[in-house]
$ cat structure35.pdb   # PDB, C-alpha atoms, pLDDT in the B column
ATOM      1  CA  MET A   1      36.017 -59.262 -83.042  1.00 77.00           C
ATOM      2  CA  GLY A   2      32.879 -57.781 -84.617  1.00 89.00           C
ATOM      3  CA  GLU A   3      32.582 -54.334 -86.136  1.00 94.00           C
ATOM      4  CA  PHE A   4      30.907 -52.829 -83.063  1.00 96.00           C
ATOM      5  CA  GLN A   5      33.535 -54.220 -80.688  1.00 95.00           C
ATOM      6  CA  SER A   6      36.323 -53.001 -82.990  1.00 95.00           C
ATOM      7  CA  LEU A   7      34.883 -49.487 -82.900  1.00 96.00           C
ATOM      8  CA  TYR A   8      34.226 -49.665 -79.157  1.00 95.00           C
ATOM      9  CA  ALA A   9      37.777 -50.793 -78.345  1.00 93.00           C
ATOM     10  CA  GLY A  10      39.444 -48.772 -81.116  1.00 94.00           C
ATOM     11  CA  ARG A  11      41.080 -45.386 -81.102  1.00 94.00           C
ATOM     12  CA  LEU A  12      38.663 -42.594 -80.273  1.00 94.00           C
ATOM     13  CA  TRP A  13      39.207 -38.851 -80.185  1.00 94.00           C
ATOM     14  CA  SER A  14      38.075 -36.708 -77.280  1.00 92.00           C
ATOM     15  CA  ILE A  15      36.005 -33.601 -77.747  1.00 91.00           C
ATOM     16  CA  MET A  16      37.803 -31.232 -75.439  1.00 85.00           C
ATOM     17  CA  SER A  17      35.727 -28.052 -75.288  1.00 88.00           C
ATOM     18  CA  TRP A  18      32.055 -27.192 -75.174  1.00 87.00           C
ATOM     19  CA  ASP A  19      32.436 -25.169 -78.373  1.00 91.00           C
ATOM     20  CA  GLN A  20      33.947 -28.220 -80.083  1.00 93.00           C
ATOM     21  CA  LEU A  21      31.022 -30.304 -78.841  1.00 95.00           C
ATOM     22  CA  SER A  22      28.497 -27.840 -80.285  1.00 95.00           C
ATOM     23  CA  ALA A  23      30.271 -27.978 -83.659  1.00 96.00           C
ATOM     24  CA  PHE A  24      30.557 -31.767 -83.452  1.00 97.00           C
ATOM     25  CA  TRP A  25      26.804 -32.272 -82.938  1.00 96.00           C
ATOM     26  CA  ARG A  26      26.155 -30.227 -86.096  1.00 96.00           C
ATOM     27  CA  ARG A  27      28.244 -32.725 -88.093  1.00 95.00           C
ATOM     28  CA  ILE A  28      25.945 -35.619 -87.172  1.00 96.00           C
ATOM     29  CA  ASP A  29      23.149 -36.068 -89.694  1.00 96.00           C
ATOM     30  CA  PRO A  30      20.282 -37.598 -87.680  1.00 97.00           C
ATOM     31  CA  ALA A  31      18.816 -39.155 -90.834  1.00 96.00           C
ATOM     32  CA  THR A  32      21.795 -41.370 -91.663  1.00 95.00           C
ATOM     33  CA  GLY A  33      20.881 -44.446 -89.632  1.00 97.00           C
ATOM     34  CA  TRP A  34      22.121 -43.966 -86.080  1.00 98.00           C
ATOM     35  CA  TYR A  35      21.555 -46.526 -83.361  1.00 98.00           C
ATOM     36  CA  VAL A  36      21.038 -44.824 -80.008  1.00 97.00           C
ATOM     37  CA  TYR A  37      22.043 -47.170 -77.199  1.00 96.00           C
ATOM     38  CA  ALA A  38      21.772 -46.449 -73.480  1.00 93.00           C
ATOM     39  CA  VAL A  39      24.184 -48.870 -71.840  1.00 92.00           C
ATOM     40  CA  GLY A  40      22.189 -51.019 -69.448  1.00 90.00           C
ATOM     41  CA  GLU A  41      18.977 -50.773 -71.456  1.00 91.00           C
ATOM     42  CA  ALA A  42      17.903 -53.109 -74.250  1.00 91.00           C
ATOM     43  CA  VAL A  43      20.080 -52.957 -77.349  1.00 95.00           C
ATOM     44  CA  PRO A  44      18.120 -51.167 -80.082  1.00 96.00           C
ATOM     45  CA  PRO A  45      17.086 -53.559 -82.867  1.00 96.00           C
ATOM     46  CA  ALA A  46      17.128 -50.860 -85.566  1.00 97.00           C
ATOM     47  CA  PRO A  47      18.447 -47.352 -86.165  1.00 97.00           C
ATOM     48  CA  ALA A  48      16.436 -44.603 -84.506  1.00 97.00           C
ATOM     49  CA  GLU A  49      14.195 -42.250 -86.451  1.00 96.00           C
ATOM     50  CA  ALA A  50      15.895 -38.974 -87.394  1.00 97.00           C
ATOM     51  CA  ARG A  51      13.671 -36.968 -85.036  1.00 96.00           C
ATOM     52  CA  ASP A  52      14.628 -39.282 -82.144  1.00 95.00           C
ATOM     53  CA  VAL A  53      18.347 -38.946 -82.898  1.00 97.00           C
ATOM     54  CA  ALA A  54      17.996 -35.150 -83.010  1.00 97.00           C
ATOM     55  CA  ALA A  55      16.023 -35.153 -79.733  1.00 95.00           C
ATOM     56  CA  PHE A  56      18.617 -37.387 -78.082  1.00 95.00           C
ATOM     57  CA  ILE A  57      21.480 -35.117 -79.149  1.00 96.00           C
ATOM     58  CA  GLU A  58      19.651 -32.045 -77.870  1.00 95.00           C
ATOM     59  CA  ARG A  59      18.748 -33.645 -74.543  1.00 93.00           C
ATOM     60  CA  VAL A  60      22.099 -35.360 -73.889  1.00 93.00           C
ATOM     61  CA  ASP A  61      23.918 -32.112 -74.706  1.00 93.00           C
ATOM     62  CA  ALA A  62      21.792 -30.281 -72.116  1.00 92.00           C
ATOM     63  CA  LEU A  63      22.360 -33.051 -69.556  1.00 88.00           C
ATOM     64  CA  LEU A  64      26.136 -33.003 -70.081  1.00 90.00           C
ATOM     65  CA  ARG A  65      26.347 -29.235 -69.763  1.00 86.00           C
ATOM     66  CA  GLU A  66      24.176 -29.212 -66.644  1.00 86.00           C
ATOM     67  CA  ASN A  67      25.837 -32.119 -64.828  1.00 75.00           C
ATOM     68  CA  HIS A  68      29.475 -31.744 -65.947  1.00 66.00           C
ATOM     69  CA  ARG A  69      30.144 -28.271 -64.618  1.00 66.00           C
ATOM     70  CA  HIS A  70      33.657 -27.769 -65.858  1.00 60.00           C
ATOM     71  CA  ASP A  71      35.043 -25.367 -68.421  1.00 61.00           C
ATOM     72  CA  TYR A  72      35.915 -28.368 -70.601  1.00 55.00           C
ATOM     73  CA  CYS A  73      33.960 -31.295 -71.996  1.00 61.00           C
ATOM     74  CA  SER A  74      36.275 -34.327 -72.461  1.00 72.00           C
ATOM     75  CA  ILE A  75      33.526 -36.910 -71.848  1.00 84.00           C
ATOM     76  CA  VAL A  76      32.433 -37.393 -75.470  1.00 94.00           C
ATOM     77  CA  TYR A  77      34.637 -39.488 -77.768  1.00 95.00           C
ATOM     78  CA  ALA A  78      34.303 -40.290 -81.463  1.00 97.00           C
ATOM     79  CA  ASP A  79      36.054 -42.407 -84.058  1.00 97.00           C
ATOM     80  CA  ASP A  80      36.283 -39.398 -86.391  1.00 96.00           C
ATOM     81  CA  LEU A  81      35.605 -35.834 -85.296  1.00 95.00           C
ATOM     82  CA  GLU A  82      34.687 -34.665 -88.809  1.00 96.00           C
ATOM     83  CA  ARG A  83      32.695 -37.682 -90.091  1.00 96.00           C
ATOM     84  CA  PRO A  84      31.786 -39.749 -87.036  1.00 96.00           C
ATOM     85  CA  SER A  85      30.262 -43.205 -87.210  1.00 96.00           C
ATOM     86  CA  PHE A  86      30.732 -44.113 -83.541  1.00 98.00           C
ATOM     87  CA  VAL A  87      30.349 -41.893 -80.461  1.00 98.00           C
ATOM     88  CA  LYS A  88      30.826 -42.786 -76.771  1.00 96.00           C
ATOM     89  CA  ILE A  89      29.206 -40.432 -74.295  1.00 95.00           C
ATOM     90  CA  TYR A  90      30.142 -40.817 -70.644  1.00 90.00           C
ATOM     91  CA  ASP A  91      27.627 -40.067 -67.932  1.00 84.00           C
ATOM     92  CA  PRO A  92      28.944 -37.146 -65.864  1.00 77.00           C
ATOM     93  CA  ASP A  93      27.520 -38.819 -62.751  1.00 67.00           C
ATOM     94  CA  ASN A  94      29.541 -42.024 -63.367  1.00 65.00           C
ATOM     95  CA  LEU A  95      32.939 -40.984 -64.657  1.00 59.00           C
ATOM     96  CA  GLY A  96      35.493 -42.844 -62.621  1.00 55.00           C
ATOM     97  CA  VAL A  97      38.502 -42.818 -64.960  1.00 46.00           C
ATOM     98  CA  SER A  98      37.003 -42.470 -68.436  1.00 43.00           C
ATOM     99  CA  CYS A  99      40.276 -41.677 -70.163  1.00 47.00           C
ATOM    100  CA  GLY A 100      41.264 -45.335 -70.334  1.00 48.00           C
ATOM    101  CA  SER A 101      44.184 -45.212 -67.901  1.00 49.00           C
ATOM    102  CA  SER A 102      42.331 -47.551 -65.565  1.00 53.00           C
ATOM    103  CA  LYS A 103      42.296 -51.343 -65.917  1.00 62.00           C
ATOM    104  CA  ASN A 104      38.514 -51.202 -65.498  1.00 65.00           C
ATOM    105  CA  PRO A 105      37.281 -47.886 -66.898  1.00 71.00           C
ATOM    106  CA  PRO A 106      33.568 -47.203 -66.491  1.00 80.00           C
ATOM    107  CA  LEU A 107      31.239 -48.017 -69.324  1.00 88.00           C
ATOM    108  CA  PRO A 108      29.866 -45.062 -71.246  1.00 92.00           C
ATOM    109  CA  GLY A 109      26.338 -43.996 -70.495  1.00 91.00           C
ATOM    110  CA  TRP A 110      25.291 -43.787 -74.132  1.00 94.00           C
ATOM    111  CA  ILE A 111      26.545 -44.767 -77.559  1.00 97.00           C
ATOM    112  CA  LEU A 112      25.624 -43.429 -80.978  1.00 97.00           C
ATOM    113  CA  SER A 113      26.660 -45.898 -83.647  1.00 98.00           C
ATOM    114  CA  ARG A 114      26.112 -46.400 -87.351  1.00 98.00           C
ATOM    115  CA  VAL A 115      26.622 -50.160 -86.838  1.00 97.00           C
ATOM    116  CA  PRO A 116      24.329 -52.323 -84.700  1.00 97.00           C
ATOM    117  CA  PRO A 117      25.451 -52.181 -81.067  1.00 97.00           C
ATOM    118  CA  GLU A 118      26.086 -55.174 -78.863  1.00 95.00           C
ATOM    119  CA  ASP A 119      25.061 -55.514 -75.222  1.00 94.00           C
ATOM    120  CA  LEU A 120      27.953 -54.285 -73.071  1.00 93.00           C
ATOM    121  CA  LYS A 121      26.528 -56.092 -70.038  1.00 89.00           C
ATOM    122  CA  PRO A 122      27.072 -53.524 -67.308  1.00 85.00           C
ATOM    123  CA  PRO A 123      27.820 -55.020 -63.880  1.00 79.00           C
ATOM    124  CA  ARG A 124      24.844 -53.204 -62.299  1.00 77.00           C
ATOM    125  CA  PRO A 125      21.718 -51.415 -63.492  1.00 77.00           C
ATOM    126  CA  GLN A 126      21.806 -47.750 -64.376  1.00 78.00           C
ATOM    127  CA  PRO A 127      20.640 -45.400 -61.602  1.00 78.00           C
ATOM    128  CA  GLU A 128      16.896 -44.916 -61.630  1.00 82.00           C
ATOM    129  CA  ASN A 129      17.165 -41.203 -62.476  1.00 81.00           C
ATOM    130  CA  ARG A 130      19.027 -42.068 -65.693  1.00 80.00           C
ATOM    131  CA  ARG A 131      16.550 -44.794 -66.556  1.00 82.00           C
ATOM    132  CA  ARG A 132      13.680 -42.305 -66.148  1.00 85.00           C
ATOM    133  CA  TRP A 133      15.566 -39.764 -68.291  1.00 83.00           C
ATOM    134  CA  TRP A 134      16.071 -42.390 -71.018  1.00 83.00           C
ATOM    135  CA  ARG A 135      12.453 -43.543 -70.918  1.00 84.00           C
ATOM    136  CA  SER A 136      11.280 -39.966 -71.301  1.00 85.00           C
ATOM    137  CA  LEU A 137      13.170 -39.894 -74.616  1.00 77.00           C
ATOM    138  CA  PHE A 138      12.258 -43.372 -75.815  1.00 75.00           C
ATOM    139  CA  PRO A 139       9.023 -44.397 -74.069  1.00 69.00           C
TER     140      PRO A 139
END
$ encode --input "structure35.pdb" --output "structure tokens"
Amino acid sequence: MGEFQSLYAGRLWSIMSWDQLSAFWRRIDPATGWYVYAVGEAVPPAPAEARDVAAFIERVDALLRENHRHDYCSIVYADDLERPSFVKIYDPDNLGVSCGSSKNPPLPGWILSRVPPEDLKPPRPQPENRRRWWRSLFP
């Protein structure tokens, strides 16, 4: 199993509250070589520019807060909450059972990774509204 797959299938910690999510985003240095991968889109060949990572974090945070109208977060997971190198972000419009108690949990919507991602081969294309949202970030 490669490094990406080990991180993807490994133990991840949930970010439970919106306050924790705000603090978590501040611990990600956009300039440290993050790959930004929208599952269902082409796998990025190189880490994103720092400004693109920062824009993604800002925009995905707004999307999560707008579309996941609960008093808790619990749809962002990381390998380390203090010094993350791998982050799974579930799309609030495609949650299913994201906690892993299902035999076939949904794929995350987006992944931030310090290692090159691999194509997760989703069974169907992302909804067109999400594809438009992604393309507005990374035209």
$ resolve_selection --input "structure35.pdb" --expression "the PyMOL selection byres ((chain A and resi 111) around 6)" --output "ChimeraX atom specification"
/A:37,87-88,110,112
$ write_last_selection --input "structure35.pdb" --atoms "C-alpha atoms" --output "PDB file, keeping the file's coordinate frame"
ATOM      1  CA  TYR A  37      22.043 -47.170 -77.199  1.00 96.00           C
ATOM      2  CA  VAL A  87      30.349 -41.893 -80.461  1.00 98.00           C
ATOM      3  CA  LYS A  88      30.826 -42.786 -76.771  1.00 96.00           C
ATOM      4  CA  TRP A 110      25.291 -43.787 -74.132  1.00 94.00           C
ATOM      5  CA  LEU A 112      25.624 -43.429 -80.978  1.00 97.00           C
TER       6      LEU A 112
END
$ residues_around --input "structure35.pdb" --residues "Met16 (chain A)" --least-positions-apart "2" --cutoff "9 Å" --atoms "only C-alpha atoms" --output "list in words"
Ser14, Trp18, Asp19, Gln20, Leu21, Tyr72, Cys73, Ser74, Ile75 and Val76 of chain A
$ resolve_selection --input "structure35.pdb" --expression "the PyMOL selection byres ((chain A and resi 38-44) around 10)" --output "PyMOL selection string"
chain A and resi 35-37+45-48+89+107-112+116-127+130-131+134-135
$ resolve_selection --input "structure35.pdb" --expression "the PyMOL selection byres ((chain A and resi 12) around 9)" --output "mmCIF file with C-alpha atoms, in the coordinates of the input"
data_model
loop_
_atom_site.group_PDB
_atom_site.id
_atom_site.type_symbol
_atom_site.label_atom_id
_atom_site.label_comp_id
_atom_site.auth_asym_id
_atom_site.auth_seq_id
_atom_site.Cartn_x
_atom_site.Cartn_y
_atom_site.Cartn_z
ATOM 1 C CA LEU A 7 34.883 -49.487 -82.900
ATOM 2 C CA TYR A 8 34.226 -49.665 -79.157
ATOM 3 C CA ALA A 9 37.777 -50.793 -78.345
ATOM 4 C CA GLY A 10 39.444 -48.772 -81.116
ATOM 5 C CA ARG A 11 41.080 -45.386 -81.102
ATOM 6 C CA TRP A 13 39.207 -38.851 -80.185
ATOM 7 C CA SER A 14 38.075 -36.708 -77.280
ATOM 8 C CA TYR A 77 34.637 -39.488 -77.768
ATOM 9 C CA ALA A 78 34.303 -40.290 -81.463
ATOM 10 C CA ASP A 79 36.054 -42.407 -84.058
ATOM 11 C CA ASP A 80 36.283 -39.398 -86.391
ATOM 12 C CA LEU A 81 35.605 -35.834 -85.296
ATOM 13 C CA PHE A 86 30.732 -44.113 -83.541
ATOM 14 C CA VAL A 87 30.349 -41.893 -80.461
ATOM 15 C CA LYS A 88 30.826 -42.786 -76.771
#
$ closest_residue --input "structure35.pdb" --among "A:Glu82, A:Asp52, A:Asp61, A:Glu66" --to "Ser136 (chain A)" --atoms "only C-alpha atoms"
A:Asp52
